>>> print(open('my_file-v9.txt').read())   # compact mmCIF, C-alpha atoms
# COMPACT_ATOMS: atom_id res chain seq x y z
CA MET H 1 -20.23 -43.14 -37.94
CA SER H 2 -19.69 -39.95 -39.92
CA GLN H 3 -23.26 -38.82 -39.22
CA LYS H 4 -22.73 -39.28 -35.48
CA LEU H 5 -19.45 -37.38 -35.65
CA CYS H 6 -21.08 -34.54 -37.55
CA ALA H 7 -23.89 -34.44 -34.99
CA ASN H 8 -21.38 -34.29 -32.14
CA LEU H 9 -19.46 -31.48 -33.85
CA ALA H 10 -22.66 -29.55 -34.49
CA PHE H 11 -23.69 -29.96 -30.84
CA SER H 12 -20.24 -28.88 -29.65
CA MET H 13 -20.28 -25.78 -31.85
CA LYS H 14 -23.79 -24.91 -30.69
CA LYS H 15 -22.70 -25.29 -27.06
CA ARG H 16 -19.69 -23.05 -27.61
CA THR H 17 -21.88 -20.49 -29.36
CA ILE H 18 -24.30 -20.44 -26.43
CA ILE H 19 -21.47 -20.11 -23.90
CA LEU H 20 -19.88 -17.31 -25.95
CA ALA H 21 -23.23 -15.56 -26.28
CA ILE H 22 -23.55 -15.58 -22.49
CA VAL H 23 -19.95 -14.85 -21.49
CA LEU H 24 -19.09 -12.19 -24.08
CA PRO H 25 -21.81 -9.68 -23.05
CA ILE H 26 -20.84 -10.20 -19.40
CA MET H 27 -17.18 -9.48 -20.18
CA VAL H 28 -18.08 -6.43 -22.28
CA ALA H 29 -20.36 -5.12 -19.51
CA PHE H 30 -17.68 -5.75 -16.87
CA LEU H 31 -14.96 -3.96 -18.83
CA GLY H 32 -17.37 -1.14 -19.67
CA TRP H 33 -18.11 -0.71 -15.96
CA ARG H 34 -14.39 -0.67 -15.21
CA PHE H 35 -14.03 2.32 -17.54
CA ILE H 36 -16.81 4.39 -15.96
CA ARG H 37 -16.69 3.32 -12.30
CA PRO H 38 -15.44 5.67 -9.56
CA MET H 39 -11.65 5.51 -9.39
CA ASN H 40 -10.90 3.85 -6.04
CA ILE H 41 -7.16 3.57 -6.30
CA PHE H 42 -6.00 2.58 -2.81
CA SER H 43 -7.10 0.63 0.23
CA VAL H 44 -8.80 2.49 3.06
CA SER H 45 -6.90 1.49 6.18
CA GLU H 46 -8.16 1.68 9.73
CA ALA H 47 -5.63 4.46 10.41
CA PHE H 48 -7.50 7.02 8.27
CA GLU H 49 -10.95 5.55 7.63
CA ARG H 50 -12.47 8.16 9.98
CA PRO H 51 -11.47 11.68 11.02
CA ILE H 52 -9.65 12.21 14.31
CA SER H 53 -12.00 12.53 17.26
CA THR H 54 -11.89 15.85 19.10
CA ALA H 55 -13.90 14.76 22.11
CA ASN H 56 -12.69 15.85 25.54
CA ILE H 57 -10.91 19.04 24.49
CA PRO H 58 -8.87 20.62 27.29
CA THR H 59 -10.74 23.61 28.69
CA ILE H 60 -8.00 26.01 27.59
CA PHE H 61 -9.07 25.46 23.97
CA LYS H 62 -12.27 26.63 22.37
CA THR H 63 -11.85 25.48 18.77
CA LEU H 64 -8.43 23.73 18.52
CA SER H 65 -7.47 26.38 15.98
CA ALA H 66 -3.83 27.03 15.16
CA GLU H 67 -4.47 30.63 16.18
CA GLU H 68 -5.01 29.41 19.74
CA CYS H 69 -1.74 27.45 19.66
CA ALA H 70 0.07 30.56 18.42
CA THR H 71 -0.59 32.27 21.74
CA CYS H 72 2.21 30.21 23.32
CA HIS H 73 3.95 28.61 20.32
CA ARG H 74 4.38 31.51 17.92
CA ASP H 75 7.56 30.22 16.19
CA PHE H 76 5.94 26.91 15.35
CA TYR H 77 2.79 28.63 14.14
CA ASP H 78 4.72 31.06 11.90
CA GLU H 79 6.51 28.14 10.25
CA TRP H 80 3.32 26.13 9.81
CA LYS H 81 1.65 29.08 8.07
CA THR H 82 4.24 28.86 5.26
CA THR H 83 3.61 25.18 4.52
CA ILE H 84 1.46 23.15 2.17
CA HIS H 85 0.03 21.44 5.29
CA SER H 86 -1.70 24.72 6.17
CA GLN H 87 -3.15 24.79 2.64
CA ALA H 88 -4.15 21.12 2.52
CA TRP H 89 -7.84 22.04 2.12
CA THR H 90 -7.68 25.42 0.38
CA ASP H 91 -5.01 24.55 -2.21
CA PRO H 92 -6.62 25.25 -5.63
CA TYR H 93 -5.03 22.18 -7.24
CA PHE H 94 -6.37 19.88 -4.53
CA GLN H 95 -9.83 21.39 -4.85
CA ALA H 96 -9.86 20.96 -8.64
CA ASP H 97 -8.56 17.40 -8.40
CA TRP H 98 -11.01 16.52 -5.60
CA ARG H 99 -13.99 17.83 -7.56
CA PHE H 100 -12.86 15.91 -10.65
CA ASP H 101 -12.68 12.70 -8.58
CA ARG H 102 -16.28 13.15 -7.34
CA LYS H 103 -15.42 14.67 -3.96
CA GLN H 104 -14.56 11.43 -2.20
CA GLN H 105 -15.17 11.67 1.54
CA ILE H 106 -12.02 9.66 2.33
CA CYS H 107 -9.82 12.50 1.02
CA LYS H 108 -11.06 14.76 3.82
CA ASN H 109 -9.66 12.45 6.47
CA CYS H 110 -6.13 13.51 5.53
CA HIS H 111 -6.72 17.01 4.12
CA THR H 112 -9.01 18.04 7.02
CA PRO H 113 -8.17 15.37 9.61
CA LEU H 114 -10.21 16.58 12.62
CA ASP H 115 -13.86 15.56 12.88
CA ARG H 116 -14.96 19.14 13.53
CA GLN H 117 -13.28 20.20 10.27
CA GLN H 118 -15.86 18.18 8.32
CA GLU H 119 -19.50 19.02 7.56
CA HIS H 120 -20.61 15.46 8.32
CA ARG H 121 -19.97 12.79 10.90
CA VAL H 122 -18.94 9.33 9.75
CA LEU H 123 -21.27 6.84 11.43
CA GLY H 124 -20.21 3.74 9.52
CA PHE H 125 -19.96 2.40 6.00
CA HIS H 126 -22.32 1.01 3.37
CA ASP H 127 -19.55 -1.12 1.85
CA GLU H 128 -16.75 -3.36 3.12
CA GLU H 129 -14.08 -1.31 1.33
CA LYS H 130 -15.18 1.83 3.25
CA TRP H 131 -15.47 4.12 0.24
CA ASP H 132 -19.17 4.76 0.87
CA PRO H 133 -19.52 6.19 4.41
CA ILE H 134 -22.77 6.63 6.30
CA LEU H 135 -22.96 10.35 7.10
CA GLU H 136 -25.02 12.71 9.19
CA PRO H 137 -24.72 16.51 9.69
CA ASN H 138 -21.98 17.49 12.14
CA PRO H 139 -23.20 20.04 14.73
CA ASP H 140 -19.57 20.76 15.73
CA PHE H 141 -18.44 21.64 12.21
CA ASN H 142 -16.17 24.71 12.12
CA ARG H 143 -15.53 26.13 8.65
CA VAL H 144 -12.68 28.38 9.83
CA LEU H 145 -10.93 25.35 11.32
CA GLN H 146 -11.58 23.41 8.11
CA HIS H 147 -9.66 26.01 6.13
CA GLU H 148 -6.60 25.43 8.31
CA GLY H 149 -6.12 22.03 6.64
CA VAL H 150 -3.53 19.95 8.50
CA THR H 151 -3.63 22.21 11.51
CA CYS H 152 -1.63 21.88 14.75
CA SER H 153 -4.19 19.66 16.47
CA ALA H 154 -4.31 17.28 13.50
CA CYS H 155 -0.89 16.02 14.60
CA HIS H 156 -0.73 17.00 18.27
CA PHE H 157 -4.20 16.26 19.68
CA ARG H 158 -5.22 12.72 20.68
CA ASP H 159 -7.61 11.45 23.37
CA GLY H 160 -7.96 14.75 25.19
CA LYS H 161 -4.21 15.39 25.42
CA ILE H 162 -1.57 17.26 23.45
CA LEU H 163 1.26 15.11 22.07
CA GLY H 164 4.77 16.51 22.51
CA PRO H 165 8.38 15.31 22.23
CA TYR H 166 9.05 15.57 25.98
CA GLY H 167 5.76 15.22 27.81
CA ASP H 168 7.03 17.00 30.91
CA GLY H 169 6.80 20.42 32.54
CA THR H 170 3.65 22.13 33.72
CA PRO H 171 1.91 23.48 30.61
CA PRO H 172 -1.66 24.78 30.80
CA HIS H 173 -2.90 21.60 29.09
CA PRO H 174 -2.17 17.85 29.50
CA VAL H 175 0.86 16.65 27.51
CA LYS H 176 1.52 13.07 26.45
CA LYS H 177 5.01 12.10 25.27
CA LEU H 178 5.21 11.35 21.58
CA ASN H 179 7.46 8.30 21.29
CA ASN H 180 8.26 8.75 17.61
CA PRO H 181 7.06 11.67 15.48
CA ASN H 182 7.10 9.49 12.36
CA GLU H 183 4.02 7.70 13.64
CA ILE H 184 2.08 10.88 12.87
CA CYS H 185 3.39 11.02 9.29
CA VAL H 186 2.45 7.45 8.44
CA ARG H 187 -1.23 7.98 9.20
CA CYS H 188 -1.59 9.56 5.76
CA HIS H 189 1.66 8.73 3.95
CA VAL H 190 1.50 4.96 4.36
CA VAL H 191 -1.49 4.56 2.03
CA SER H 192 -1.63 1.04 0.60
CA GLY H 193 -2.61 -0.17 -2.86
CA ASP H 194 -3.37 -3.72 -1.76
CA ARG H 195 -6.58 -4.22 -3.74
CA TRP H 196 -7.57 -7.07 -6.04
CA ASP H 197 -7.73 -4.76 -9.05
CA THR H 198 -4.59 -2.68 -8.52
CA PHE H 199 -1.15 -3.69 -9.72
CA PHE H 200 1.04 -0.71 -8.96
CA ARG H 201 3.75 -0.67 -6.34
CA PHE H 202 3.19 2.76 -4.86
CA PRO H 203 -0.23 4.42 -4.67
CA PRO H 204 -0.47 8.21 -4.34
CA CYS H 205 0.59 9.30 -0.84
CA GLY H 206 2.37 5.96 -0.41
CA THR H 207 5.76 7.51 0.24
CA VAL H 208 6.57 5.15 3.12
CA ALA H 209 6.22 2.16 0.80
CA GLU H 210 8.74 3.79 -1.52
CA ILE H 211 11.22 4.13 1.32
CA ARG H 212 10.86 0.50 2.33
CA THR H 213 11.12 -0.72 -1.25
CA SER H 214 14.06 1.47 -2.22
CA GLN H 215 17.40 -0.31 -2.53
CA ASN H 216 18.88 1.79 0.25
CA ILE H 217 17.41 3.37 3.36
CA HIS H 218 18.94 6.81 3.62
CA ARG H 219 19.08 9.11 6.59
CA CYS H 220 19.85 12.80 6.26
CA ASP H 221 23.21 13.93 7.57
CA ASN H 222 21.58 15.98 10.32
CA ALA H 223 19.77 12.94 11.75
CA ASP H 224 20.29 12.41 15.47
CA PRO H 225 17.57 10.10 16.80
CA GLY H 226 16.45 10.56 20.36
CA VAL H 227 17.90 14.02 20.99
CA SER H 228 14.50 15.69 21.13
CA GLY H 229 12.94 13.18 23.45
CA GLU H 230 12.11 10.73 20.67
CA ALA H 231 12.45 6.98 21.09
CA ALA H 232 12.86 4.55 18.24
CA VAL H 233 9.91 2.39 17.22
CA ASP H 234 10.93 -0.78 15.40
CA ASP H 235 8.48 -0.61 12.51
CA LEU H 236 9.26 3.08 11.93
CA ALA H 237 13.01 2.97 12.52
CA GLY H 238 13.94 3.05 8.83
CA ILE H 239 11.59 5.84 7.81
CA ASN H 240 12.72 9.03 9.57
CA CYS H 241 10.53 11.47 7.65
CA VAL H 242 11.18 14.16 10.25
CA ASP H 243 14.97 14.08 9.93
CA CYS H 244 14.76 15.77 6.53
CA HIS H 245 11.36 17.47 6.57
CA MET H 246 11.44 18.74 10.18
CA PRO H 247 15.10 19.63 10.87
CA LEU H 248 16.23 20.12 14.45
CA VAL H 249 16.74 23.56 15.99
CA GLU H 250 17.59 24.84 19.47
CA ARG H 251 14.80 27.02 20.85
CA PRO H 252 12.18 27.06 23.59
CA ILE H 253 8.88 25.28 23.04
CA VAL H 254 7.10 28.28 24.55
CA GLU H 255 8.28 31.87 24.71
CA GLY H 256 10.61 32.30 27.67
CA GLY H 257 10.85 28.58 28.25
CA LYS H 258 13.83 26.25 28.46
CA ILE H 259 15.91 26.10 25.28
CA ARG H 260 15.81 22.57 23.87
CA LEU H 261 16.33 20.65 20.65
CA VAL H 262 12.98 20.67 18.90
CA ARG H 263 11.89 20.27 15.32
CA ARG H 264 11.05 22.99 12.86
CA HIS H 265 7.57 22.72 11.36
CA LEU H 266 8.50 23.24 7.71
CA TRP H 267 7.74 20.01 5.78
CA ARG H 268 9.43 21.31 2.65
CA GLY H 269 9.04 19.05 -0.37
CA GLY H 270 8.18 19.17 -4.06
CA HIS H 271 6.76 22.70 -3.89
CA ASP H 272 10.12 24.05 -2.71
CA PRO H 273 12.83 24.29 -5.42
CA GLU H 274 15.67 24.47 -2.91
CA MET H 275 14.50 21.30 -1.16
CA VAL H 276 14.33 19.43 -4.45
CA LYS H 277 17.76 20.71 -5.48
CA SER H 278 19.22 19.56 -2.17
CA GLY H 279 18.15 16.01 -2.94
CA LEU H 280 19.78 15.88 -6.37
CA ASP H 281 23.33 15.85 -7.65
CA ILE H 282 23.48 16.88 -11.33
CA THR H 283 26.58 17.00 -13.52
CA PHE H 284 26.89 18.06 -17.16
CA LYS H 285 30.15 17.71 -19.05
CA GLU H 286 31.75 16.83 -22.35
CA ASP H 287 33.05 13.27 -22.66
CA PRO H 288 36.26 12.31 -24.48
CA ALA H 289 35.23 11.67 -28.08
CA ALA H 290 35.72 8.19 -29.46
CA LEU H 291 36.28 9.65 -32.94
CA SER H 292 37.80 13.01 -33.82
CA ASP H 293 34.67 14.24 -35.61
CA LYS H 294 32.29 13.16 -32.86
CA HIS H 295 31.39 14.96 -29.67
CA HIS H 296 29.57 13.59 -26.64
CA VAL H 297 28.05 15.54 -23.77
CA THR H 298 26.49 13.73 -20.82
CA LEU H 299 24.12 14.85 -18.11
CA THR H 300 23.98 12.62 -15.02
CA ILE H 301 21.32 13.09 -12.35
CA THR H 302 21.48 11.24 -9.02
CA ASN H 303 19.17 11.04 -6.01
CA THR H 304 21.62 11.75 -3.20
CA GLY H 305 19.33 13.21 -0.57
CA ALA H 306 15.91 11.53 -0.40
CA ALA H 307 15.12 8.08 1.01
CA HIS H 308 12.06 7.95 -1.26
CA TYR H 309 11.93 8.33 -5.01
CA ILE H 310 12.39 11.71 -6.68
CA PRO H 311 9.82 12.85 -7.60
CA THR H 312 7.39 11.31 -5.11
CA GLY H 313 3.72 11.80 -4.27
CA THR H 314 1.09 12.05 -6.99
CA PRO H 315 2.13 10.23 -10.19
CA ASP H 316 1.64 13.48 -12.11
CA ARG H 317 4.93 14.77 -10.72
CA HIS H 318 7.92 14.25 -12.98
CA LEU H 319 11.30 15.58 -14.06
CA THR H 320 12.15 16.61 -17.61
CA ILE H 321 15.61 16.96 -19.13
CA GLU H 322 16.31 19.03 -22.24
CA LEU H 323 19.62 18.83 -24.09
CA THR H 324 19.94 21.40 -26.89
CA LEU H 325 22.77 21.99 -29.35
CA LEU H 326 22.93 25.55 -30.72
CA ASP H 327 25.26 27.32 -33.11
CA GLY H 328 26.95 30.63 -32.32
CA GLU H 329 23.88 32.57 -33.50
CA GLY H 330 21.56 30.67 -31.17
CA ASN H 331 19.95 28.50 -33.84
CA VAL H 332 18.87 25.06 -32.65
CA ILE H 333 20.84 22.31 -34.39
CA LYS H 334 19.63 19.36 -32.35
CA LYS H 335 17.41 18.79 -29.34
CA GLU H 336 16.72 15.80 -27.10
CA ASP H 337 14.03 15.48 -24.42
CA HIS H 338 13.87 12.93 -21.59
CA THR H 339 11.34 12.33 -18.81
CA LEU H 340 11.68 10.74 -15.37
CA LYS H 341 8.22 9.72 -14.23
CA ARG H 342 5.72 6.95 -13.60
CA TRP H 343 3.58 5.68 -16.43
CA VAL H 344 0.41 4.19 -14.97
CA MET H 345 -2.53 2.57 -16.77
CA TRP H 346 -5.60 3.56 -14.75
CA ARG H 347 -8.38 1.72 -16.58
CA PRO H 348 -9.74 -0.91 -16.79
CA PHE H 349 -7.14 -1.99 -14.17
CA ILE H 350 -4.45 0.01 -12.41
CA ILE H 351 -1.05 -1.18 -13.59
CA ASP H 352 2.44 0.30 -13.25
CA LEU H 353 3.71 0.24 -16.81
CA ARG H 354 7.08 1.93 -16.31
CA ASP H 355 8.91 3.93 -13.67
CA THR H 356 12.05 5.92 -14.49
CA ARG H 357 12.10 8.03 -11.32
CA LEU H 358 15.14 8.04 -9.07
CA PRO H 359 15.31 5.78 -5.99
CA TYR H 360 17.86 6.83 -3.40
CA GLY H 361 21.44 6.39 -4.60
CA GLN H 362 20.54 5.72 -8.22
CA SER H 363 21.51 7.75 -11.27
CA ARG H 364 20.31 8.32 -14.81
CA SER H 365 22.69 9.45 -17.55
CA TYR H 366 21.73 11.04 -20.87
CA THR H 367 24.26 11.51 -23.66
CA MET H 368 23.93 13.65 -26.76
CA GLU H 369 26.21 12.81 -29.70
CA PHE H 370 26.85 15.17 -32.60
CA ASN H 371 29.30 16.22 -35.29
CA MET H 372 30.98 19.60 -35.42
CA HIS H 373 31.01 20.07 -39.17
CA ASN H 374 32.77 23.40 -39.00
CA SER H 375 35.41 23.43 -36.29
CA ASP H 376 35.88 27.17 -36.70
CA LYS H 377 32.40 27.84 -35.38
CA VAL H 378 31.39 28.00 -31.73
CA TYR H 379 28.72 25.53 -30.60
CA VAL H 380 26.83 25.67 -27.33
CA VAL H 381 25.13 22.77 -25.61
CA GLU H 382 22.49 23.70 -23.06
CA ALA H 383 21.08 21.39 -20.39
CA VAL H 384 17.91 22.22 -18.46
CA VAL H 385 16.27 20.07 -15.77
CA ARG H 386 12.74 20.95 -14.61
CA TYR H 387 10.57 19.63 -11.80
CA HIS H 388 6.88 19.37 -12.75
CA LEU H 389 4.24 19.38 -10.04
CA LEU H 390 1.54 18.46 -12.50
CA ASP H 391 1.27 17.00 -15.97
CA GLU H 392 -0.10 19.53 -18.46
CA LYS H 393 -2.64 17.07 -19.88
CA ARG H 394 -3.91 16.34 -16.38
CA ARG H 395 -4.14 20.07 -15.64
CA LYS H 396 -6.44 20.57 -18.62
CA ARG H 397 -8.45 17.46 -17.91
CA ILE H 398 -9.37 18.50 -14.36
CA SER H 399 -9.90 22.14 -15.43
CA TYR H 400 -7.27 23.47 -13.06
CA ASP H 401 -6.73 27.16 -13.83
CA ASN H 402 -3.39 27.53 -12.10
CA LYS H 403 -2.27 30.94 -10.91
CA GLU H 404 1.17 29.66 -9.94
CA PRO H 405 3.62 27.85 -12.27
CA ILE H 406 3.27 24.07 -12.30
CA ALA H 407 6.96 23.57 -13.15
CA TYR H 408 10.28 25.15 -12.22
CA GLU H 409 13.97 24.77 -13.09
CA VAL H 410 16.31 22.87 -10.79
CA PHE H 411 19.35 22.96 -13.09
CA ARG H 412 20.63 24.92 -16.10
CA LYS H 413 24.11 24.86 -17.61
CA HIS H 414 25.84 25.81 -20.88
CA LEU H 415 28.90 24.18 -22.40
CA ALA H 416 30.62 26.21 -25.13
CA LEU H 417 32.57 23.99 -27.56
CA VAL H 418 35.29 25.90 -29.41
CA ASN H 419 37.41 24.67 -32.34
CA ASN H 420 36.99 21.04 -31.45
CA THR H 421 38.92 21.58 -28.22
CA GLN H 422 37.97 21.07 -24.62
CA SER H 423 34.60 22.55 -23.69
CA VAL H 424 34.27 25.83 -21.86
CA ASP H 425 31.88 25.91 -18.90
CA ASP H 426 29.47 28.79 -19.51
CA THR H 427 27.04 28.09 -16.72
CA GLU H 428 24.13 30.41 -16.09
>>> encode(input="my_file-v9.txt", output="structure tokens")
Amino acid sequence: MSQKLCANLAFSMKKRTIILAIVLPIMVAFLGWRFIRPMNIFSVSEAFERPISTANIPTIFKTLSAEECATCHRDFYDEWKTTIHSQAWTDPYFQADWRFDRKQQICKNCHTPLDRQQEHRVLGFHDEEKWDPILEPNPDFNRVLQHEGVTCSACHFRDGKILGPYGDGTPPHPVKKLNNPNEICVRCHVVSGDRWDTFFRFPPCGTVAEIRTSQNIHRCDNADPGVSGEAAVDDLAGINCVDCHMPLVERPIVEGGKIRLVRRHLWRGGHDPEMVKSGLDITFKEDPAALSDKHHVTLTITNTGAAHYIPTGTPDRHLTIELTLLDGEGNVIKKEDHTLKRWVMWRPFIIDLRDTRLPYGQSRSYTMEFNMHNSDKVYVVEAVVRYHLLDEKRRKRISYDNKEPIAYEVFRKHLALVNNTQSVDDTE
């Protein structure tokens, strides 16, 4: 009986050894591949799997360039020229990041959305996930148009017609009424992360998902749906990108035309300090001390003006908070640093580890506690909040030699604490 048992145990161990010898190399190879594979981090939806067709251009246009639009729509063109949309292709950071990520074709469909902005035509796909397109040279490619990035026609040209908020009048080209301008935004900003190997809530460019997931749906105070010829669309009703990023203004659509409520073409966001500041409420004050020899100062930051998270967009964007206690001579006594950002594990699987950014209506508070050992001395507590467009480690990794700062201040304030009495506001 014992010999049979020993034989069974030996056979079982041999079987397990064989299985392990087969499975372990497979697992090691699979995980190794996950660490070196191309980083496909979102799902390619039908909305942006191909560039926008520019067939059947109205005869008034030769190239669909923004310069042509400026002939009649100068105000809109002048605004567009100041935006990141106009730099969507030429932006040095995008170019560095795109090269680092192996120049994925899919990125062009949002950064140069028109088919004639791309060197190749997309004929189909080698794979079901549509990350490996079948390409051929594009005889209609226009490099000047490519450098316009998200140009006027990228949003306003569809099926041989120009989309507009009213769709009336007698312009020199066909005009189709745009029911809801947000439907243009979601083509690129509704990117999904619904893949078997991704476990984060919001992929890059997935701002719409942030709005829908946020605890509150916020609309800017200047929102007035429908006044510029726009009709509500049920599945877009809670988004309202344009209410904040394309504020309304009274002016003619064309020079000398009827004055109407139309939208400014500004799209201000993370690259604009004033826009970021307008979305945040930040307070910094001394709290009543629980003990006579203790002092507490608290900075509270609240997202009061953005329906999406602050910061939003690429996960590299983040906010930093510095609280520094200095003596009267400017010597640092104590310093605390805090970060509001997304921590994402990218390999071997994409997983949201932590997210301390600010959804709409939510606050974060940071308190520094300290002793004032000598009440006759003056102490100063400084608070600085910075918005970072890019993480410094990422900047070095992609070899981005930035000419412009990648961070800027959105808040700075001093509190002077004198003789253990109430603080004195010494804001800069």
>>> residues_around(input="my_file-v9.txt", residues="region 406-417 of chain H", least_positions_apart="5", cutoff="10 Å", atoms="all atoms listed in the file", output="VMD selection string")
chain H and resid 93 271 to 278 280 to 286 295 297 317 to 328 372 375 377 to 392 395 422 to 428
>>> atom_distance(input="my_file-v9.txt", atom1="CA of Ala307 (chain H)", atom2="CA of Ser363 (chain H)")
13.8 Å
>>> residues_around(input="my_file-v9.txt", residues="region 309-314 of chain H", least_positions_apart="3", cutoff="10 Å", atoms="all atoms listed in the file", output="PyMOL selection string")
chain H and resi 189+202-207+210-211+213-214+269-270+276+279-280+302-306+317-319+340-342+356-362+387-390
>>> write_last_selection(input="my_file-v9.txt", atoms="C-alpha atoms", output="mmCIF file, keeping the file's coordinate frame")
data_model
loop_
_atom_site.group_PDB
_atom_site.id
_atom_site.type_symbol
_atom_site.label_atom_id
_atom_site.label_comp_id
_atom_site.auth_asym_id
_atom_site.auth_seq_id
_atom_site.Cartn_x
_atom_site.Cartn_y
_atom_site.Cartn_z
ATOM 1 C CA HIS H 189 1.660 8.730 3.950
ATOM 2 C CA PHE H 202 3.190 2.760 -4.860
ATOM 3 C CA PRO H 203 -0.230 4.420 -4.670
ATOM 4 C CA PRO H 204 -0.470 8.210 -4.340
ATOM 5 C CA CYS H 205 0.590 9.300 -0.840
ATOM 6 C CA GLY H 206 2.370 5.960 -0.410
ATOM 7 C CA THR H 207 5.760 7.510 0.240
ATOM 8 C CA GLU H 210 8.740 3.790 -1.520
ATOM 9 C CA ILE H 211 11.220 4.130 1.320
ATOM 10 C CA THR H 213 11.120 -0.720 -1.250
ATOM 11 C CA SER H 214 14.060 1.470 -2.220
ATOM 12 C CA GLY H 269 9.040 19.050 -0.370
ATOM 13 C CA GLY H 270 8.180 19.170 -4.060
ATOM 14 C CA VAL H 276 14.330 19.430 -4.450
ATOM 15 C CA GLY H 279 18.150 16.010 -2.940
ATOM 16 C CA LEU H 280 19.780 15.880 -6.370
ATOM 17 C CA THR H 302 21.480 11.240 -9.020
ATOM 18 C CA ASN H 303 19.170 11.040 -6.010
ATOM 19 C CA THR H 304 21.620 11.750 -3.200
ATOM 20 C CA GLY H 305 19.330 13.210 -0.570
ATOM 21 C CA ALA H 306 15.910 11.530 -0.400
ATOM 22 C CA ARG H 317 4.930 14.770 -10.720
ATOM 23 C CA HIS H 318 7.920 14.250 -12.980
ATOM 24 C CA LEU H 319 11.300 15.580 -14.060
ATOM 25 C CA LEU H 340 11.680 10.740 -15.370
ATOM 26 C CA LYS H 341 8.220 9.720 -14.230
ATOM 27 C CA ARG H 342 5.720 6.950 -13.600
ATOM 28 C CA THR H 356 12.050 5.920 -14.490
ATOM 29 C CA ARG H 357 12.100 8.030 -11.320
ATOM 30 C CA LEU H 358 15.140 8.040 -9.070
ATOM 31 C CA PRO H 359 15.310 5.780 -5.990
ATOM 32 C CA TYR H 360 17.860 6.830 -3.400
ATOM 33 C CA GLY H 361 21.440 6.390 -4.600
ATOM 34 C CA GLN H 362 20.540 5.720 -8.220
ATOM 35 C CA TYR H 387 10.570 19.630 -11.800
ATOM 36 C CA HIS H 388 6.880 19.370 -12.750
ATOM 37 C CA LEU H 389 4.240 19.380 -10.040
ATOM 38 C CA LEU H 390 1.540 18.460 -12.500
#
>>> closest_residue(input="my_file-v9.txt", among="H:Lys396, H:Arg347, H:His147, H:His73", to="Gly32 (chain H)", atoms="all atoms listed in the file")
H:Arg347
>>> closest_residue(input="my_file-v9.txt", among="H:Ile259, H:Leu31, H:Ile19, H:Leu135", to="Leu123 (chain H)", atoms="only C-alpha atoms")
H:Leu135
>>> closest_residue(input="my_file-v9.txt", among="H:Glu148, H:Asp101, H:Asp75, H:Asp355", to="Ala88 (chain H)", atoms="only C-alpha atoms")
H:Glu148
>>> closest_residue(input="my_file-v9.txt", among="H:Thr300, H:Thr112, H:Asn56, H:Arg263", to="Asp91 (chain H)", atoms="all atoms listed in the file")
H:Thr112
>>> residues_around(input="my_file-v9.txt", residues="Trp196 (chain H)", least_positions_apart="4", cutoff="12 Å", atoms="all atoms listed in the file", output="mmCIF file with C-alpha atoms, keeping the file's coordinate frame")
data_model
loop_
_atom_site.group_PDB
_atom_site.id
_atom_site.type_symbol
_atom_site.label_atom_id
_atom_site.label_comp_id
_atom_site.auth_asym_id
_atom_site.auth_seq_id
_atom_site.Cartn_x
_atom_site.Cartn_y
_atom_site.Cartn_z
ATOM 1 C CA ASN H 40 -10.900 3.850 -6.040
ATOM 2 C CA ILE H 41 -7.160 3.570 -6.300
ATOM 3 C CA PHE H 42 -6.000 2.580 -2.810
ATOM 4 C CA SER H 43 -7.100 0.630 0.230
ATOM 5 C CA GLU H 129 -14.080 -1.310 1.330
ATOM 6 C CA PHE H 200 1.040 -0.710 -8.960
ATOM 7 C CA PHE H 349 -7.140 -1.990 -14.170
ATOM 8 C CA ILE H 350 -4.450 0.010 -12.410
ATOM 9 C CA ILE H 351 -1.050 -1.180 -13.590
#
>>> atom_distance(input="my_file-v9.txt", atom1="CA of Glu67 (chain H)", atom2="CA of His245 (chain H)")
22.7 Å
>>> residues_around(input="my_file-v9.txt", residues="Ala47 (chain H)", least_positions_apart="3", cutoff="12 Å", atoms="all atoms listed in the file", output="number ranges by chain")
H: 43-44, 50-52, 106, 109-110, 113, 183-192
>>> residues_around(input="my_file-v9.txt", residues="Phe199 (chain H)", least_positions_apart="5", cutoff="10 Å", atoms="only C-alpha atoms", output="compact mmCIF listing (two decimals) with C-alpha atoms, in the frame of the given file")
# COMPACT_ATOMS: atom_id res chain seq x y z
CA GLY H 193 -2.61 -0.17 -2.86
CA ASP H 194 -3.37 -3.72 -1.76
CA VAL H 344 0.41 4.19 -14.97
CA MET H 345 -2.53 2.57 -16.77
CA TRP H 346 -5.60 3.56 -14.75
CA PHE H 349 -7.14 -1.99 -14.17
CA ILE H 350 -4.45 0.01 -12.41
CA ILE H 351 -1.05 -1.18 -13.59
CA ASP H 352 2.44 0.30 -13.25
CA LEU H 353 3.71 0.24 -16.81
>>> closest_residue(input="my_file-v9.txt", among="H:Lys258, H:Lys62, H:Arg143, H:Arg158", to="Thr90 (chain H)", atoms="only C-alpha atoms")
H:Arg143
>>> axis_aligned_box(input="my_file-v9.txt", around="region 62-78 of chain H", padding_each_side="4 Å", output="AutoDock Vina command-line options")
--center_x -2.4 --center_y 28.0 --center_z 17.6 --size_x 27.8 --size_y 16.5 --size_z 19.4
>>> closest_residue(input="my_file-v9.txt", among="H:Thr151, H:Thr63, H:Gln105, H:Thr367", to="Phe48 (chain H)", atoms="all atoms listed in the file")
H:Gln105
>>> atom_distance(input="my_file-v9.txt", atom1="CA of Arg102 (chain H)", atom2="CA of Phe30 (chain H)")
21.2 Å
